[in-house]
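To keep things clear, I will list the structure first and then write my remarks on it.
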4 protein chains.
Amino acid sequence: MSQKPWDGRFSEETDRVVEAFTSSIDIDRHLYKYDIEGSIAHCRTLARAEIITPKEADELVFGLEAIREEIETEKFEYKDSLEDIHMHIEDRLSTYVGSLSRKLHTARSRNDQIALDIRLYVKDQGGKIAGHLRDLCNAFTDLAEKNIDVVMPGYTHLQRAQPVLFAHHMMAYFEMFLRDKSRFENCVERVDVMPLGSAALAGTTYPLDRSYTAELLGFSAVSENSMDAVSDRDFIMEMLSCASICMVHLSRFSEELVLWASTEFSFVDLPDAFCTGSSIMPQKKNPDIPELVRGKTGRVFGSLTAMLTVMKSLPLAYNRDMQEDKGPLMDAVDTLRACLDIYVRMLPKITVNRNVTESASGRGYLNATDMADYLVEKGMPFREAHGCVGKAVAFALGEKKELHELDLSELKFFSSLIEDDIYPALSVKQMIDRRKTYGGTATQNVRDAIVRARKRLS
Amino acid sequence: MSQKPWDGRFSEETDRVVEAFTSSIDIDRHLYKYDIEGSIAHCRTLARAEIITPKEADELVFGLEAIREEIETEKFEYKDSLEDIHMHIEDRLSTYVGSLSRKLHTARSRNDQIALDIRLYVKDQGGKIAGHLRDLCNAFTDLAEKNIDVVMPGYTHLQRAQPVLFAHHMMAYFEMFLRDKSRFENCVERVDVMPLGSAALAGTTYPLDRSYTAELLGFSAVSENSMDAVSDRDFIMEMLSCASICMVHLSRFSEELVLWASTEFSFVDLPDAFCTGSSIMPQKKNPDIPELVRGKTGRVFGSLTAMLTVMKSLPLAYNRDMQEDKGPLMDAVDTLRACLDIYVRMLPKITVNRNVTESASGRGYLNATDMADYLVEKGMPFREAHGCVGKAVAFALGEKKELHELDLSELKFFSSLIEDDIYPALSVKQMIDRRKTYGGTATQNVRDAIVRARKRLS
Amino acid sequence: MSQKPWDGRFSEETDRVVEAFTSSIDIDRHLYKYDIEGSIAHCRTLARAEIITPKEADELVFGLEAIREEIETEKFEYKDSLEDIHMHIEDRLSTYVGSLSRKLHTARSRNDQIALDIRLYVKDQGGKIAGHLRDLCNAFTDLAEKNIDVVMPGYTHLQRAQPVLFAHHMMAYFEMFLRDKSRFENCVERVDVMPLGSAALAGTTYPLDRSYTAELLGFSAVSENSMDAVSDRDFIMEMLSCASICMVHLSRFSEELVLWASTEFSFVDLPDAFCTGSSIMPQKKNPDIPELVRGKTGRVFGSLTAMLTVMKSLPLAYNRDMQEDKGPLMDAVDTLRACLDIYVRMLPKITVNRNVTESASGRGYLNATDMADYLVEKGMPFREAHGCVGKAVAFALGEKKELHELDLSELKFFSSLIEDDIYPALSVKQMIDRRKTYGGTATQNVRDAIVRARKRLS
Amino acid sequence: MSQKPWDGRFSEETDRVVEAFTSSIDIDRHLYKYDIEGSIAHCRTLARAEIITPKEADELVFGLEAIREEIETEKFEYKDSLEDIHMHIEDRLSTYVGSLSRKLHTARSRNDQIALDIRLYVKDQGGKIAGHLRDLCNAFTDLAEKNIDVVMPGYTHLQRAQPVLFAHHMMAYFEMFLRDKSRFENCVERVDVMPLGSAALAGTTYPLDRSYTAELLGFSAVSENSMDAVSDRDFIMEMLSCASICMVHLSRFSEELVLWASTEFSFVDLPDAFCTGSSIMPQKKNPDIPELVRGKTGRVFGSLTAMLTVMKSLPLAYNRDMQEDKGPLMDAVDTLRACLDIYVRMLPKITVNRNVTESASGRGYLNATDMADYLVEKGMPFREAHGCVGKAVAFALGEKKELHELDLSELKFFSSLIEDDIYPALSVKQMIDRRKTYGGTATQNVRDAIVRARKRLS
């Protein structure tokens, strides 16, 4: 006969296939650290409430710490019949403290226990992700600083639009990842609520000092409503949302790296150590890291979809469906952390081919807007100037020349307002440095932005 | 020949089918209010920078206000050939101010203009959603207060678990929707950044005082990086995430209403005015509102999926794909607001069948946990008590009795620790009121929670 | 120095973190069987084309079979530095056949090799899923047959609507899962195309007889276009779509089981061996299997989202993003197969509480439609009859009676057309058996449907 | 007092806000054609069963046809209080045929009626989509044929890999869209089942000849189970899956067009009539159509997510949530059809810059594989040849030369097997034409593939 913690009323043993199907140990074993930390705090709280003696608490804590040691040194054995990490630990605990182990579960249900474990996980991992994001923001700032004077074409619709500083482009990613950091921080603040003491769903009859438990575990608050505490998984959905948005940013940067590493663009060289080749084509050096990061975006979106689907329409309070919450969460956290980490490592090793990017900035009529602005300064309304330059572009295209390669008489054909002073206005350097409104790409602006960025990060 | 704002370099007119395919006017016309508000602020900023005269600014503002009036009184005509709301307004403006209208677009691109419009929309709608959520939280608190002494079965796995107060159950939803409110507030804080002045992507050459524009429009900050400012749609993805999580909560409550309105549960009566019948079955009174709200969850999840998909892997800066951002956003905002609003209206009219819920609380062995707790108090370790009560339940099931319907001799069979004082311990009232740890369902706890809830909302 | 199959042009070794990040061996090791099967066929094809000698082919095949044996007996060692299953096998092969192993990769790229492996996997697993579905359809038919005379309320909007046979309800699921089977079969037909010989993307210069390879591997056709062959993952997206729709059906049935196992419904008893209890509440017997199956729906939807996201906007031909295809696929296949299997095992053990379902069929005005039909037969237009019965229901509700519990004088108040012959018309039995149009719930209909079902399955 | 078709038992009028919230007329009005077609067939079936007289049937049909005319000439008025298209038509019908209109709903429920309408819609639209796909396949074949001798670089990982024919690349898309066509055809076959006669859920008591109705409406079969017939929305989920996969293909082609239209690639010119410019940058010619199509992919994925979410966990039979099925379906169908149509129009106008693509094929070491193959032919094992060529590439990179630009002595340094005959082997033309295994890019292969394509389409 089996020894489930709940089989008093059952007349039939659990089917083996059912045990395997319902077991969550493969996933929730990764929570052991939080589970033991929570159990230790629970022991201390039980002792404070005089439900167990201080000595009993010490014994239980000793046993729990021993088990943690076993797990961390890979001496711990897992089996489906024990369902989950809670039961594994409790079962093992009895070999250390005998029947005393059976008191640990007083005033506690697996419902509030797992809620605690995942909250501790989310707090911990959320903090770590914020750390990766800080590192990544630093790496972008370093890359920007290192290449402060490199000019490249700025694009809209993947068409060359206006020249920008490569550093300005990098600092756009700084902004995205800093916002990601703030989102994860908000998420961590919201999860910082201690659920233990909610028991199965209705609260407990034991006089637990929940604030004490919260203090031991480093939480800022205790949960206000026991039914909500055990059935709430907002923090998982929120963390997966934050992760999905962050992956969008990573995918955008990855796409750009893939483009820039192509023969056609040749804007950057990726480090050999971060690329792989082809088993059939000897010349290939593939941008595998950006491609994989881009691909992993799907995985994280999938986790978000999964979790929203799981939670939709579940009546209160706990339902077994919620066991399916940990897979998507952990997979997304691991994926995101790995992607952030690999870019923190790779960014410093990216080389910009400044000759290529600068030469590209001079071809493709990127100075058309500035020619229009020139005409506006001479008094032409903007919309008219736009049309006039459009015609000049069409003409130059036919001539296979750039605008600044047309001679003055050709240019004057499009407007008599044009004088010799147009040529400097069409130079890449002037175009960059004239864009000096706050947030623009002028070199001094970007230098200032880098200084501010360092401050905003610290 | 058409009169596109950009056709100078084109040799061929836009195909009609292409115009229809690329037009966004059906959607972005809903942004007219924000677009005009932004254009007015831009006029004032142009004047302050002496790019246009104060008189020109006044004329432009007059024209823009007249157009707003036209739109609001439905006298404005829309057509695909004008692509979007920006072009519609600019085109119409020329009938008011002639060629002066062509100056409005100085130092501005549709890229930063649309970024502004959507940010204003998200700020505005985010605030309104927060307002709905406050109303809904109030409605749950009222419903809780009104039914403060109603007992019902609490469920896990949709199996009766332990008795709870109906009010406690309602206050669980209060917690969820209050968290939603805080998420929307964080989202609104993050979107509160003014993008105008970023122009197409690189910033503008005109000396705009962007802080002045921000002040006019009520923004707390200006964007730090022009490329990010025009290519960022984080606030849409974040708002859709918040909306999806909120819909999860609405779907859970809806599911419960559908269950409770069934003949089997009969826990609540929904107001006739919020139900519909069947065209074939004359007896039917269907819980259409909760069903529809539950169904609309899919729609909002779909919008989130759509938006994440659109943004994935887009290189900087603006890409036309991003035109597809507004449909999902607006549909989700309208859907969520309608769902919140209908529940704010419906909640006060829900009647709880307290006789049914109370009688249900006494059947289904909901006092099994308390019997175990009783044994623990008498000195039995919890796990042992659990097993002992499990056997008592199995026995009672066979007898078709509840635990409290067994007589003392029968109970003693399971443990000699059981005495006459067990019967009060198994009563619903005691079970509720013994759960008085913070966050538990004891009546006084819930009363206190309601008082705190009122304060937290205001 | 490492020994990558592609490092000729590289000057720097792959970073360890990069190796771990890019390695796919944890996932694609599950493809070993298909990979070896494909390699064996490729050997034979190389020999037939006289690219290698028959003896060389024999040696290679011998080595490959030995490796298969090693893997199946868990003697094979995996390491991240060898990237994927192809490299692991090729590397190991050299210990069996020395440098001959290096000829195996002639006229083949990992691009067509992995395309082959996944296609073999999808064909194989698709067939197995179809088998599970056939078993499940049989199980539903058995359950229907066993309970052929059990009446239960049919529901719309979770409100009692009209009585139906429990068997009729079960046969609705038969229809759903039979459609699922046909979808998987279509998917398997479409994937039945042999890609080998496409090499990296452009086809191969070696004179391979691709039809021969197809024949060896049991494919009906060879791919028509080499670029499509290596970049196509339609079959994964299609299989995940089929799996998602099938999970929708499983989730619907699961939802019903959860409802029916509740105290409120009490329509079925689930076998103890398929339920679990609570660690805190001794009375609980939870419907874990249906809950978990319902929850796992999210996981499969998530895989579909992931895969669609991965493939969106990828240029031809192979991109490394596509490495992320196997995780979602395999997870969904394993999940679906486990869910189907557990229900095939559980269905025969479900007990229907016929007294409960039958008694429920007589309460809740399920005969209102038949009363309206009765009036229509007596000459009243349907819409009028509907209104008249609606009023009778309202009256009966006030009296706390069912329609058939009203006496004739009361009934006549609503229409003088009503006579004594109304009472049999309102009986559950007649209601069931009068619905004898094809597809209706009349007992003989359902019997016939069961007979047809057996035939359609075989 | 309102006149709902179901308000007999109701004591309170429907709230206005509720009417607006629950109304589906904005969406289901698009089904009018199918609804009327179905009603006409139902009339005829009622007459055949002698439930109404032939004359009554004629009158009803006359009325229904008149209403169709009204709708098509936009003379029909819609209002929220009539809920849906069925009620609108029935309400209007009474002005044509008086109280006879009330007989139309005999033996029918809105549940089977809407199931019929959507099935007719899916059959019809599915057929139309298949038609678009055939046109698109033709357009790709034409484009391929027109450019049969144009060479371009083939890519993997967006790195130049091996030269391919542009026509071969186009025919890869032919394969994808032909598979899409077959998926839609399977979907249409599965939806080809007539649900009328299922009534609310249990079948009808009226002796309808359902096969007759099916024949009138052009269905191949009648539904087997009434509960399944009214609660099944598989065909919507399947159609949305097919649409999503098809959008993946469209997004891939779009991505390539965006790349190819960039200055960096310059492989194609898109027709001016299908591009738009910038309101600020006069030089811009943006690939709006491909960008929008790529963006609309998100919308279709979103619809699929929405629909799967709606259907998950719904108990049988009809639930009001299912009203949310039509929005995602119709939006996806309209989106997909518009995208297919615009590409059918645009494809013939795309110009390939063959000088650019051909010159690109000669730079970037695309002949490295062929150099390895050359060495294999001379007797070197493939893996060794790969390493040897890798080293030659590294050397050539340093010399800023291509492989075929190295002189023989330089080449011999990497292997003494190399002779003068290597140069022709490294030429683009030979590389293309040596890949003549079935499905490869050799010119004759592609010509044959085009011929087969024409046949497979017709």
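Convention: chains lettered A, B, ... in structure tokens order; per-chain residue numbering from 1; ligands numbered from 1 as shown.
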Exercise. Output as a PyMOL selection string the set of chain A residues within 8 Å of chain D, with distances taken over only C-alpha atoms.
Key: chain A and resi 157-161+258-259+262-265+279-288+291+309+364-366+368-369+372+386-387+389-390+393
Quiz item: Quick one: residues within 12 Å of Gly197 of chain B, only C-alpha atoms counted, chain neighbours fewer than 3 positions away excluded, as a ChimeraX atom specification?
Solution: /A:435-441 /B:38,41-42,45-46,105-113,115-116,193-194,200-214,222-227,229-230
Quiz item: If we count only C-alpha atoms, what is near Leu104 of chain D at a cut-off of 8 Å, once residues fewer than 4 positions away on the same chain are taken out, given as a list in words?
Solution: Ser39, His42, Cys43, Leu60 and Leu100 of chain D
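Residues in contact with Val451 of chain D at up to 12 Å, not including ones fewer than 4 positions away on its chain and judged by only C-alpha atoms, are D:Asn138, D:Thr141, D:Asp142, D:Ala144, D:Glu145, D:Met171, D:Gln444, D:Asn445, D:Val446, D:Arg447, D:Lys455, D:Arg456, D:Leu457, D:Ser458.
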At a cut-off of 9 Å, using only C-alpha atoms, what residues contact segment 339-346 of chain B? Leave out same-chain residues fewer than 2 positions from it and give the result as a short mmCIF file (atom, residue, chain, number, x, y, z; two decimals) with C-alpha atoms, in the first residue's frame.
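The result, written out as part19.cif:
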```cif
data_model
loop_
_atom_site.label_atom_id
_atom_site.label_comp_id
_atom_site.auth_asym_id
_atom_site.auth_seq_id
_atom_site.Cartn_x
_atom_site.Cartn_y
_atom_site.Cartn_z
CA ILE B 129 -9.13 51.93 -17.24
CA HIS B 132 -13.01 51.57 -14.12
CA LEU B 133 -10.87 49.33 -11.96
CA ASP B 135 -15.13 51.46 -9.56
CA LEU B 136 -15.02 47.70 -9.87
CA CYS B 137 -13.00 47.33 -6.67
CA ASN B 138 -15.60 49.48 -4.95
CA ALA B 139 -18.39 47.34 -6.33
CA PHE B 140 -16.74 44.18 -4.99
CA MET B 247 -9.07 39.68 -18.58
CA LEU B 250 -12.54 38.80 -15.35
CA LEU B 270 -28.32 37.21 -11.99
CA PRO B 271 -30.55 40.18 -12.80
CA PHE B 274 -28.43 41.21 -17.76
CA ILE B 289 -22.78 38.62 -19.77
CA PRO B 290 -20.35 36.37 -17.90
CA LEU B 292 -19.37 36.92 -23.27
CA VAL B 293 -16.82 38.46 -20.94
CA LYS B 296 -13.76 38.22 -24.95
CA ASP B 334 -12.51 49.03 -26.01
CA THR B 335 -13.14 45.40 -25.08
CA LEU B 336 -11.61 45.70 -21.64
CA ARG B 337 -13.40 48.95 -20.84
CA PRO B 348 -24.86 45.57 -7.36
CA LYS B 349 -27.76 43.59 -8.80
CA ILE B 350 -26.48 40.11 -8.05
CA VAL D 17 -25.95 48.77 -22.18
CA VAL D 18 -26.47 45.02 -22.06
CA PHE D 21 -22.67 44.63 -25.11
#
```
Exercise. Based on DSSP run over this structure's backbone, return all residues of segment 134-300 of chain A in alpha helix (DSSP H), as JSON, numbers by chain.
Key: {"A": [134, 135, 136, 137, 138, 139, 140, 141, 142, 143, 144, 145, 146, 166, 167, 168, 169, 170, 171, 172, 173, 174, 175, 176, 177, 178, 179, 180, 181, 182, 183, 184, 185, 186, 187, 188, 189, 190, 191, 210, 211, 212, 213, 214, 215, 216, 217, 226, 227, 228, 229, 230, 231, 234, 235, 236, 237, 238, 239, 240, 241, 242, 243, 244, 245, 246, 247, 248, 249, 250, 251, 252, 253, 254, 255, 256, 257, 258, 259, 260, 288, 289, 290, 291, 292, 293, 294, 295, 296, 297, 298, 299, 300]}
Quiz prompt | Two-atom distance - atom CA of Tyr32 of chain C, atom CA of Glu74 of chain C (Å) | solution = 12.2 Å
Quiz item: Do you have the atom CA of His30 of chain B-atom CA of Met330 of chain B distance handy?
Solution: 8.8 Å
Quiz prompt | Of the listed residues D:Leu31, D:Met380, D:Cys275, D:Val300, that which approaches Glu13 of chain B most closely, counting only C-alpha atoms | solution = D:Cys275
Quiz item: So how far away is atom CA of Met152 of chain D from atom CA of Glu358 of chain D, in Å?
Solution: 5.4 Å
